[in-house]
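work.cif, holding mmCIF, C-alpha atoms:
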```cif
data_my_file
loop_
_atom_site.label_atom_id
_atom_site.label_comp_id
_atom_site.auth_asym_id
_atom_site.auth_seq_id
_atom_site.Cartn_x
_atom_site.Cartn_y
_atom_site.Cartn_z
CA MET C 1 4.91 -5.29 21.94
CA LEU C 2 5.70 -7.90 19.33
CA GLU C 3 9.21 -7.46 17.92
CA LEU C 4 8.77 -7.31 14.17
CA ASN C 5 10.81 -9.14 11.58
CA SER C 6 10.38 -10.26 7.97
CA SER C 7 8.64 -13.47 9.09
CA ASN C 8 5.93 -11.95 11.30
CA TYR C 9 5.51 -8.47 9.81
CA TYR C 10 2.32 -9.39 7.93
CA SER C 11 0.92 -11.65 10.67
CA LEU C 12 -2.45 -11.14 12.35
CA GLU C 13 -0.66 -10.67 15.67
CA ALA C 14 1.38 -7.80 14.23
CA ASP C 15 -1.70 -6.20 12.70
CA ARG C 16 -3.58 -6.41 15.99
CA GLU C 17 -0.77 -4.74 17.93
CA TYR C 18 0.27 -2.11 15.38
CA MET C 19 -1.38 0.30 13.00
CA SER C 20 -0.11 0.48 9.40
CA ASN C 21 -0.91 2.40 6.25
CA SER C 22 -2.66 -0.60 4.69
CA GLN C 23 -4.67 -1.26 7.85
CA TYR C 24 -5.64 2.41 8.13
CA LYS C 25 -6.81 2.29 4.50
CA ASN C 26 -8.84 -0.83 5.28
CA PHE C 27 -10.66 0.99 8.09
CA ILE C 28 -11.32 4.06 5.94
CA ASP C 29 -12.64 1.92 3.07
CA CYS C 30 -14.79 -0.48 5.16
CA GLU C 31 -14.67 -0.79 8.93
CA ALA C 32 -16.52 -4.12 8.93
CA ARG C 33 -14.06 -5.68 6.50
CA ALA C 34 -11.09 -4.33 8.47
CA MET C 35 -12.38 -5.91 11.68
CA ALA C 36 -13.15 -9.19 9.90
CA LYS C 37 -9.56 -9.29 8.69
CA LEU C 38 -8.17 -8.58 12.16
CA SER C 39 -10.30 -11.33 13.71
CA GLY C 40 -9.15 -13.81 11.09
CA GLU C 41 -12.75 -14.28 9.98
CA TRP C 42 -12.09 -13.15 6.41
CA SER C 43 -9.15 -12.75 4.07
CA GLU C 44 -8.73 -11.62 0.49
CA PRO C 45 -7.09 -13.99 -1.98
CA PRO C 46 -4.07 -12.45 -3.73
CA SER C 47 -5.04 -10.88 -7.05
CA GLU C 48 -3.09 -11.19 -10.29
CA SER C 49 -2.23 -7.51 -9.97
CA LEU C 50 -0.79 -8.04 -6.48
CA LEU C 51 1.23 -11.07 -7.54
CA LEU C 52 2.67 -9.18 -10.51
CA GLY C 53 3.62 -6.29 -8.22
CA SER C 54 5.26 -8.71 -5.79
CA TYR C 55 7.30 -10.18 -8.65
CA VAL C 56 8.71 -6.78 -9.59
CA HIS C 57 9.31 -5.89 -5.93
CA ALA C 58 11.22 -9.14 -5.42
CA TRP C 59 13.58 -8.13 -8.20
CA ALA C 60 14.06 -4.70 -6.63
CA ASP C 61 14.93 -6.04 -3.18
CA GLY C 62 17.14 -8.85 -4.48
CA THR C 63 14.90 -11.80 -3.52
CA LEU C 64 13.63 -12.78 -6.97
CA GLU C 65 15.03 -16.33 -6.93
CA ASN C 66 13.41 -17.02 -3.57
CA PHE C 67 10.14 -15.51 -4.84
CA LYS C 68 10.17 -17.91 -7.78
CA GLN C 69 10.52 -20.84 -5.38
CA THR C 70 7.74 -19.72 -3.04
CA THR C 71 5.27 -18.49 -5.69
CA PRO C 72 5.06 -21.31 -8.26
CA GLU C 73 1.58 -20.25 -9.41
CA LEU C 74 3.16 -17.55 -11.63
CA PHE C 75 5.24 -20.02 -13.60
CA THR C 76 4.76 -22.86 -16.07
CA LYS C 77 6.34 -26.28 -15.60
CA LYS C 78 9.25 -25.00 -17.72
CA GLY C 79 9.84 -22.23 -15.17
CA GLU C 80 8.61 -19.47 -17.46
CA LEU C 81 6.11 -16.80 -16.49
CA TYR C 82 2.55 -17.43 -17.61
CA ALA C 83 1.60 -15.19 -20.53
CA HIS C 84 -0.42 -12.69 -18.48
CA TYR C 85 2.54 -12.19 -16.11
CA LYS C 86 5.26 -11.81 -18.75
CA ILE C 87 4.86 -8.04 -18.71
CA GLY C 88 6.64 -8.27 -15.34
CA ASP C 89 9.96 -8.96 -17.05
CA LYS C 90 9.47 -5.96 -19.33
CA MET C 91 8.69 -3.81 -16.28
CA ILE C 92 11.88 -4.98 -14.60
CA GLU C 93 13.85 -4.31 -17.77
CA THR C 94 12.38 -0.81 -17.97
CA LEU C 95 13.55 -0.06 -14.43
CA ALA C 96 16.94 -1.74 -14.78
CA ASN C 97 17.81 0.18 -17.94
CA ASP C 98 17.24 3.59 -16.34
CA PRO C 99 20.37 4.89 -14.52
CA PHE C 100 18.40 7.49 -12.52
CA ILE C 101 15.95 4.90 -11.22
CA MET C 102 18.73 2.45 -10.36
CA PHE C 103 20.47 5.25 -8.44
CA LEU C 104 17.32 5.98 -6.46
CA LEU C 105 16.80 2.30 -5.65
CA GLN C 106 20.13 2.16 -3.83
CA GLY C 107 19.83 1.78 -0.06
CA GLU C 108 18.57 -0.62 2.59
CA LYS C 109 15.70 -2.71 1.23
CA GLU C 110 12.49 -3.62 3.08
CA LYS C 111 13.47 -1.64 6.18
CA ILE C 112 11.04 -2.30 9.06
CA ILE C 113 10.41 0.64 11.38
CA THR C 114 7.98 1.38 14.21
CA ALA C 115 7.01 4.75 15.66
CA GLU C 116 4.17 6.53 17.44
CA PHE C 117 1.87 8.83 15.52
CA ALA C 118 -1.70 10.03 16.09
CA GLY C 119 -2.00 8.21 19.41
CA VAL C 120 -0.95 4.73 18.29
CA ILE C 121 2.17 2.73 17.43
CA TRP C 122 2.60 2.19 13.69
CA LYS C 123 4.66 -0.25 11.68
CA ALA C 124 6.02 0.38 8.21
CA LYS C 125 8.20 -1.48 5.75
CA LEU C 126 10.15 0.92 3.54
CA ASP C 127 10.98 -0.39 0.07
CA VAL C 128 14.22 1.61 0.02
CA TRP C 129 15.65 3.52 2.97
CA ASN C 130 18.72 5.60 2.13
CA GLU C 131 19.60 7.53 5.25
CA ASP C 132 22.86 8.88 3.83
CA GLY C 133 21.05 10.11 0.74
CA GLU C 134 18.20 11.38 2.95
CA ARG C 135 15.43 9.74 0.98
CA ILE C 136 12.72 7.10 1.18
CA VAL C 137 11.68 5.42 -2.06
CA ASP C 138 8.57 3.34 -2.67
CA LEU C 139 8.18 1.22 -5.79
CA LYS C 140 4.72 1.13 -7.37
CA THR C 141 3.50 -1.09 -10.19
CA VAL C 142 0.45 0.55 -11.76
CA ARG C 143 -1.97 0.09 -14.65
CA ASP C 144 -0.87 3.40 -16.16
CA ILE C 145 0.85 6.53 -14.90
CA ARG C 146 -0.94 9.32 -16.75
CA GLY C 147 -4.48 7.99 -16.40
CA LYS C 148 -7.30 10.01 -14.81
CA HIS C 149 -9.35 8.68 -11.89
CA TRP C 150 -12.68 10.18 -10.85
CA ASP C 151 -12.86 11.29 -7.20
CA LYS C 152 -16.49 11.46 -6.05
CA GLU C 153 -15.68 13.51 -2.94
CA LEU C 154 -13.67 16.14 -4.82
CA GLY C 155 -15.88 16.01 -7.91
CA CYS C 156 -12.92 15.95 -10.28
CA TYR C 157 -10.32 13.72 -11.87
CA VAL C 158 -7.12 12.98 -9.94
CA SER C 159 -3.89 11.11 -10.62
CA PHE C 160 -3.28 7.52 -9.51
CA VAL C 161 -1.16 8.64 -6.55
CA GLU C 162 -4.13 10.55 -5.17
CA ALA C 163 -6.78 8.00 -6.16
CA PHE C 164 -5.07 5.09 -4.39
CA GLY C 165 -3.87 6.95 -1.30
CA TYR C 166 -0.18 6.80 -2.18
CA LEU C 167 0.44 10.40 -1.11
CA ARG C 168 -0.97 9.56 2.31
CA GLN C 169 1.22 6.47 2.46
CA MET C 170 4.38 8.45 1.69
CA ALA C 171 3.43 11.16 4.19
CA ILE C 172 2.97 8.51 6.90
CA TYR C 173 6.30 6.92 6.00
CA ALA C 174 8.04 10.29 6.17
CA GLU C 175 6.62 11.04 9.62
CA LEU C 176 7.24 7.54 11.02
CA GLU C 177 10.83 7.63 9.81
CA ARG C 178 11.33 11.09 11.31
CA VAL C 179 10.07 9.88 14.71
CA TYR C 180 11.96 6.58 14.40
CA ARG C 181 15.26 8.40 13.90
CA ASP C 182 14.33 11.29 16.22
CA ARG C 183 15.14 13.84 13.54
CA SER C 184 13.70 17.32 13.09
CA HIS C 185 12.91 17.03 9.38
CA TRP C 186 11.38 14.62 6.90
CA LEU C 187 13.51 12.77 4.40
CA GLU C 188 12.73 13.24 0.73
CA THR C 189 9.93 10.83 -0.17
CA LEU C 190 9.79 9.53 -3.74
CA ILE C 191 7.62 7.08 -5.67
CA VAL C 192 9.21 5.12 -8.49
CA ALA C 193 6.31 4.03 -10.68
CA VAL C 194 6.34 1.56 -13.55
CA SER C 195 3.25 0.75 -15.59
CA LYS C 196 1.86 -2.57 -16.82
CA GLU C 197 1.50 -1.21 -20.34
CA ASP C 198 3.45 -2.68 -23.25
CA PRO C 199 5.96 -1.11 -23.41
CA PRO C 200 5.88 -0.01 -19.75
CA ASP C 201 5.93 3.65 -18.80
CA LYS C 202 7.92 4.95 -15.82
CA ALA C 203 8.18 8.04 -13.61
CA VAL C 204 9.76 9.31 -10.41
CA ILE C 205 7.16 11.20 -8.38
CA GLY C 206 7.65 13.43 -5.35
CA LEU C 207 5.44 15.43 -2.99
CA ASP C 208 6.05 18.69 -1.17
CA HIS C 209 5.98 19.37 2.57
CA HIS C 210 2.64 21.15 2.36
CA ARG C 211 0.95 18.01 1.02
CA ILE C 212 2.67 15.88 3.66
CA GLU C 213 1.25 18.18 6.35
CA GLU C 214 -2.24 17.95 4.83
CA GLU C 215 -2.16 14.16 4.63
CA LEU C 216 -0.92 13.76 8.21
CA ALA C 217 -3.56 16.17 9.51
CA GLU C 218 -6.27 14.13 7.78
CA VAL C 219 -5.00 10.91 9.38
CA GLU C 220 -4.92 12.55 12.82
CA ARG C 221 -8.49 13.78 12.32
CA LYS C 222 -9.81 10.33 11.45
CA MET C 223 -7.71 8.27 13.86
CA PRO C 224 -10.01 8.57 16.94
CA ARG C 225 -12.80 6.83 15.02
CA VAL C 226 -10.42 4.19 13.62
CA LEU C 227 -9.07 3.37 17.08
CA ALA C 228 -12.52 3.31 18.63
CA VAL C 229 -13.61 0.71 16.08
CA LYS C 230 -10.40 -1.33 16.34
CA ASN C 231 -10.60 -1.36 20.14
CA GLY C 232 -14.21 -2.54 20.08
CA GLN C 233 -15.65 0.65 21.56
CA VAL C 234 -18.05 1.28 18.67
CA GLU C 235 -19.67 -0.96 16.08
CA PRO C 236 -17.94 -1.03 12.69
CA LYS C 237 -19.82 0.34 9.72
CA ARG C 238 -20.33 -1.69 6.55
CA CYS C 239 -19.64 -0.20 3.13
CA GLU C 240 -22.00 -2.73 1.45
CA SER C 241 -19.89 -2.78 -1.73
CA CYS C 242 -16.60 -4.57 -0.96
CA GLY C 243 -16.05 -8.32 -1.28
CA TYR C 244 -16.63 -8.94 2.41
CA CYS C 245 -19.88 -6.97 2.51
CA ARG C 246 -21.19 -8.65 -0.64
CA GLU C 247 -20.35 -12.06 0.81
CA THR C 248 -22.07 -11.40 4.14
CA LYS C 249 -24.94 -9.15 3.01
CA LYS C 250 -28.44 -9.78 4.40
CA LEU C 251 -31.27 -7.96 2.66
CA SER C 252 -34.13 -6.33 4.57
CA GLN C 253 -35.60 -3.77 2.18
CA VAL C 254 -36.31 -2.91 -1.44
CA VAL C 255 -33.96 -0.51 -3.21
CA HIS C 256 -35.43 2.03 -5.63
CA TYR C 257 -33.77 1.80 -9.03
CA MET C 258 -32.74 5.49 -8.87
CA ASP C 259 -30.59 4.66 -5.83
CA LEU C 260 -28.47 2.07 -7.66
CA LEU C 261 -26.01 4.73 -8.82
CA ALA C 262 -25.93 6.66 -5.54
#
```

Hey, can you dump this file as structure tokens for me?
Amino acid sequence: MLELNSSNYYSLEADREYMSNSQYKNFIDCEARAMAKLSGEWSEPPSESLLLGSYVHAWADGTLENFKQTTPELFTKKGELYAHYKIGDKMIETLANDPFIMFLLQGEKEKIITAEFAGVIWKAKLDVWNEDGERIVDLKTVRDIRGKHWDKELGCYVSFVEAFGYLRQMAIYAELERVYRDRSHWLETLIVAVSKEDPPDKAVIGLDHHRIEEELAEVERKMPRVLAVKNGQVEPKRCESCGYCRETKKLSQVVHYMDLLA
């Protein structure tokens, strides 16, 4: 298989050969969009939210100066952040001024690992891998930390870590790292979250082993369908609501107005 490095980790070739948390999420959200991405037929332009998150991540992994050189669209001709990105500096300051957070961010940055799980080889890039401290840390930049998000399947409000699949991501990271190092236990998995509010909020969030087991079991349950679609054995389903589906939609019937909120 392709030997991964920082240059090819996000390439189409790597995505075609390996499974990843983001790719798995793509298939769960919309199979048609996931396949269009893998074929190179469609790609999503980076959002302002993603660029802001990348700015804060670049500070955390020590590559901020290089990020400034390669991402000029965030900066004015004077080299200052555009107004709607300036909250990024406040987010960095919030993290840098917290001794506990700075302690947790110690370790190897952007560690690439590969391991087998649920019948396929996965790739993962760990924000912080501290093997001596027995922990994995993932940095998240979020709209807010205490906000409530409605989950239609559960019929209740959930936190952002549940709404955006971050618990699943950390469970996958824990299991991949365990297999990668051939250990009998999972490392402690933590999320360091900082919000885009002014002033930013912050939190260190953990999950227990029971939730890790639940998340991994759910991935294993859904993986046969994901692999069947990725391998071309079954036709991908369209969600009809994402950017790709809206862009490629062909109408063939009338929708009753009562179905618009379904």

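Reported to one decimal place, the separation of atom CA of C:Ser11 from atom CA of C:Ala60 is 22.8 Å.
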
message: Which residues would end up in the selection if the PyMOL selection byres ((chain C and resi 130-132) around 12) were applied here, given that I need the answer as a ChimeraX atom specification?
response: /C:103-111,126-129,133-138,174,177-178,180-181,183,186-190

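The residues returned by the PyMOL selection byres ((chain C and resi 38) around 7) on the shown structure are Leu12, Asp15, Arg16, Ala34, Met35, Ala36, Lys37, Ser39 and Gly40 of chain C.
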
- request: Considering all atoms listed in the file, state which residue in the set C:Asp98, C:Leu139, C:Arg168, C:Asn231 is at the smallest distance from C:Glu214.
  value: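 Checking each of C:Asp98, C:Leu139, C:Arg168, C:Asn231 against C:Glu214, counting all atoms listed in the file, the winner is C:Arg168.
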
query: So how far away is atom CA of C:Glu3 from atom CA of C:Tyr166, in Å?
result: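 Pair atom CA of C:Tyr166 / atom CA of C:Glu3 returns 26.4 Å.
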
task: Show which residues sit within 7 Å of C:Met19, as a list in words. Count only C-alpha atoms, and ignore same-chain residues fewer than 6 positions away.
output: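 Surrounding residues, per the criterion: Val120, Ile121, Trp122 and Lys123 of chain C.
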
- request: Quick one: residues within 7 Å of (-14.8, 5.6, 9.3) (file frame), counting all atoms listed in the file, please, as a list of chain:residue names.
  value: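 Within the cut-off we find C:Phe27, C:Ile28, C:Glu31, C:Arg225, C:Val226.
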
field: Of the listed residues C:Thr63, C:Asn26, C:Ser195, C:Asn21, that which approaches C:Lys230 most closely, counting all atoms listed in the file
entry: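 Nearest to C:Lys230: C:Asn26.
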
message: Just checking: using all atoms listed in the file, which residue out of C:Glu162, C:Glu44, C:Asp144, C:Glu80 ends up closest to C:Asp201?
response: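 Among C:Glu162, C:Glu44, C:Asp144, C:Glu80, it is C:Asp144 that comes nearest to C:Asp201.
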
Place N, CA and C atoms on stretch 49-73 of chain C and deliver the coordinates as a PDB file, keeping the file's coordinate frame.
```
ATOM      1  N   SER C  49      -2.924  -8.791 -10.037  1.00  0.00           N
ATOM      2  CA  SER C  49      -2.230  -7.510  -9.970  1.00  0.00           C
ATOM      3  C   SER C  49      -1.237  -7.483  -8.815  1.00  0.00           C
ATOM      4  N   LEU C  50      -1.669  -8.010  -7.652  1.00  0.00           N
ATOM      5  CA  LEU C  50      -0.790  -8.040  -6.480  1.00  0.00           C
ATOM      6  C   LEU C  50       0.388  -8.976  -6.701  1.00  0.00           C
ATOM      7  N   LEU C  51       0.150 -10.117  -7.293  1.00  0.00           N
ATOM      8  CA  LEU C  51       1.230 -11.070  -7.540  1.00  0.00           C
ATOM      9  C   LEU C  51       2.248 -10.496  -8.520  1.00  0.00           C
ATOM     10  N   LEU C  52       1.767  -9.807  -9.551  1.00  0.00           N
ATOM     11  CA  LEU C  52       2.670  -9.180 -10.510  1.00  0.00           C
ATOM     12  C   LEU C  52       3.524  -8.111  -9.820  1.00  0.00           C
ATOM     13  N   GLY C  53       2.887  -7.311  -8.966  1.00  0.00           N
ATOM     14  CA  GLY C  53       3.620  -6.290  -8.220  1.00  0.00           C
ATOM     15  C   GLY C  53       4.659  -6.909  -7.306  1.00  0.00           C
ATOM     16  N   SER C  54       4.320  -8.029  -6.677  1.00  0.00           N
ATOM     17  CA  SER C  54       5.260  -8.710  -5.790  1.00  0.00           C
ATOM     18  C   SER C  54       6.453  -9.245  -6.565  1.00  0.00           C
ATOM     19  N   TYR C  55       6.219  -9.678  -7.789  1.00  0.00           N
ATOM     20  CA  TYR C  55       7.300 -10.180  -8.650  1.00  0.00           C
ATOM     21  C   TYR C  55       8.312  -9.076  -8.931  1.00  0.00           C
ATOM     22  N   VAL C  56       7.826  -7.905  -9.299  1.00  0.00           N
ATOM     23  CA  VAL C  56       8.710  -6.780  -9.590  1.00  0.00           C
ATOM     24  C   VAL C  56       9.420  -6.304  -8.314  1.00  0.00           C
ATOM     25  N   HIS C  57       8.705  -6.281  -7.202  1.00  0.00           N
ATOM     26  CA  HIS C  57       9.310  -5.890  -5.930  1.00  0.00           C
ATOM     27  C   HIS C  57      10.418  -6.859  -5.520  1.00  0.00           C
ATOM     28  N   ALA C  58      10.203  -8.154  -5.774  1.00  0.00           N
ATOM     29  CA  ALA C  58      11.220  -9.140  -5.420  1.00  0.00           C
ATOM     30  C   ALA C  58      12.502  -8.909  -6.190  1.00  0.00           C
ATOM     31  N   TRP C  59      12.373  -8.500  -7.443  1.00  0.00           N
ATOM     32  CA  TRP C  59      13.580  -8.130  -8.200  1.00  0.00           C
ATOM     33  C   TRP C  59      14.267  -6.932  -7.554  1.00  0.00           C
ATOM     34  N   ALA C  60      13.490  -5.926  -7.173  1.00  0.00           N
ATOM     35  CA  ALA C  60      14.060  -4.700  -6.630  1.00  0.00           C
ATOM     36  C   ALA C  60      14.789  -4.929  -5.316  1.00  0.00           C
ATOM     37  N   ASP C  61      14.272  -5.837  -4.483  1.00  0.00           N
ATOM     38  CA  ASP C  61      14.930  -6.040  -3.180  1.00  0.00           C
ATOM     39  C   ASP C  61      15.882  -7.236  -3.171  1.00  0.00           C
ATOM     40  N   GLY C  62      16.127  -7.814  -4.365  1.00  0.00           N
ATOM     41  CA  GLY C  62      17.140  -8.850  -4.480  1.00  0.00           C
ATOM     42  C   GLY C  62      16.710 -10.236  -4.035  1.00  0.00           C
ATOM     43  N   THR C  63      15.394 -10.489  -3.979  1.00  0.00           N
ATOM     44  CA  THR C  63      14.900 -11.800  -3.520  1.00  0.00           C
ATOM     45  C   THR C  63      14.123 -12.531  -4.611  1.00  0.00           C
ATOM     46  N   LEU C  64      14.425 -12.239  -5.880  1.00  0.00           N
ATOM     47  CA  LEU C  64      13.630 -12.780  -6.970  1.00  0.00           C
ATOM     48  C   LEU C  64      13.721 -14.304  -7.049  1.00  0.00           C
ATOM     49  N   GLU C  65      14.894 -14.874  -6.845  1.00  0.00           N
ATOM     50  CA  GLU C  65      15.030 -16.330  -6.930  1.00  0.00           C
ATOM     51  C   GLU C  65      14.212 -17.016  -5.839  1.00  0.00           C
ATOM     52  N   ASN C  66      14.226 -16.462  -4.652  1.00  0.00           N
ATOM     53  CA  ASN C  66      13.410 -17.020  -3.570  1.00  0.00           C
ATOM     54  C   ASN C  66      11.925 -16.880  -3.872  1.00  0.00           C
ATOM     55  N   PHE C  67      11.548 -15.745  -4.462  1.00  0.00           N
ATOM     56  CA  PHE C  67      10.140 -15.510  -4.840  1.00  0.00           C
ATOM     57  C   PHE C  67       9.681 -16.565  -5.837  1.00  0.00           C
ATOM     58  N   LYS C  68      10.529 -16.904  -6.782  1.00  0.00           N
ATOM     59  CA  LYS C  68      10.170 -17.910  -7.780  1.00  0.00           C
ATOM     60  C   LYS C  68       9.916 -19.265  -7.117  1.00  0.00           C
ATOM     61  N   GLN C  69      10.673 -19.570  -6.076  1.00  0.00           N
ATOM     62  CA  GLN C  69      10.520 -20.840  -5.380  1.00  0.00           C
ATOM     63  C   GLN C  69       9.241 -20.892  -4.540  1.00  0.00           C
ATOM     64  N   THR C  70       8.886 -19.749  -3.962  1.00  0.00           N
ATOM     65  CA  THR C  70       7.740 -19.720  -3.040  1.00  0.00           C
ATOM     66  C   THR C  70       6.427 -19.330  -3.712  1.00  0.00           C
ATOM     67  N   THR C  71       6.481 -18.909  -4.978  1.00  0.00           N
ATOM     68  CA  THR C  71       5.270 -18.490  -5.690  1.00  0.00           C
ATOM     69  C   THR C  71       5.189 -19.218  -7.031  1.00  0.00           C
ATOM     70  N   PRO C  72       5.045 -20.535  -7.011  1.00  0.00           N
ATOM     71  CA  PRO C  72       5.060 -21.310  -8.260  1.00  0.00           C
ATOM     72  C   PRO C  72       3.863 -21.051  -9.166  1.00  0.00           C
ATOM     73  N   GLU C  73       2.792 -20.450  -8.607  1.00  0.00           N
ATOM     74  CA  GLU C  73       1.580 -20.250  -9.410  1.00  0.00           C
ATOM     75  C   GLU C  73       1.772 -19.251 -10.557  1.00  0.00           C
TER      76      GLU C  73
END
```
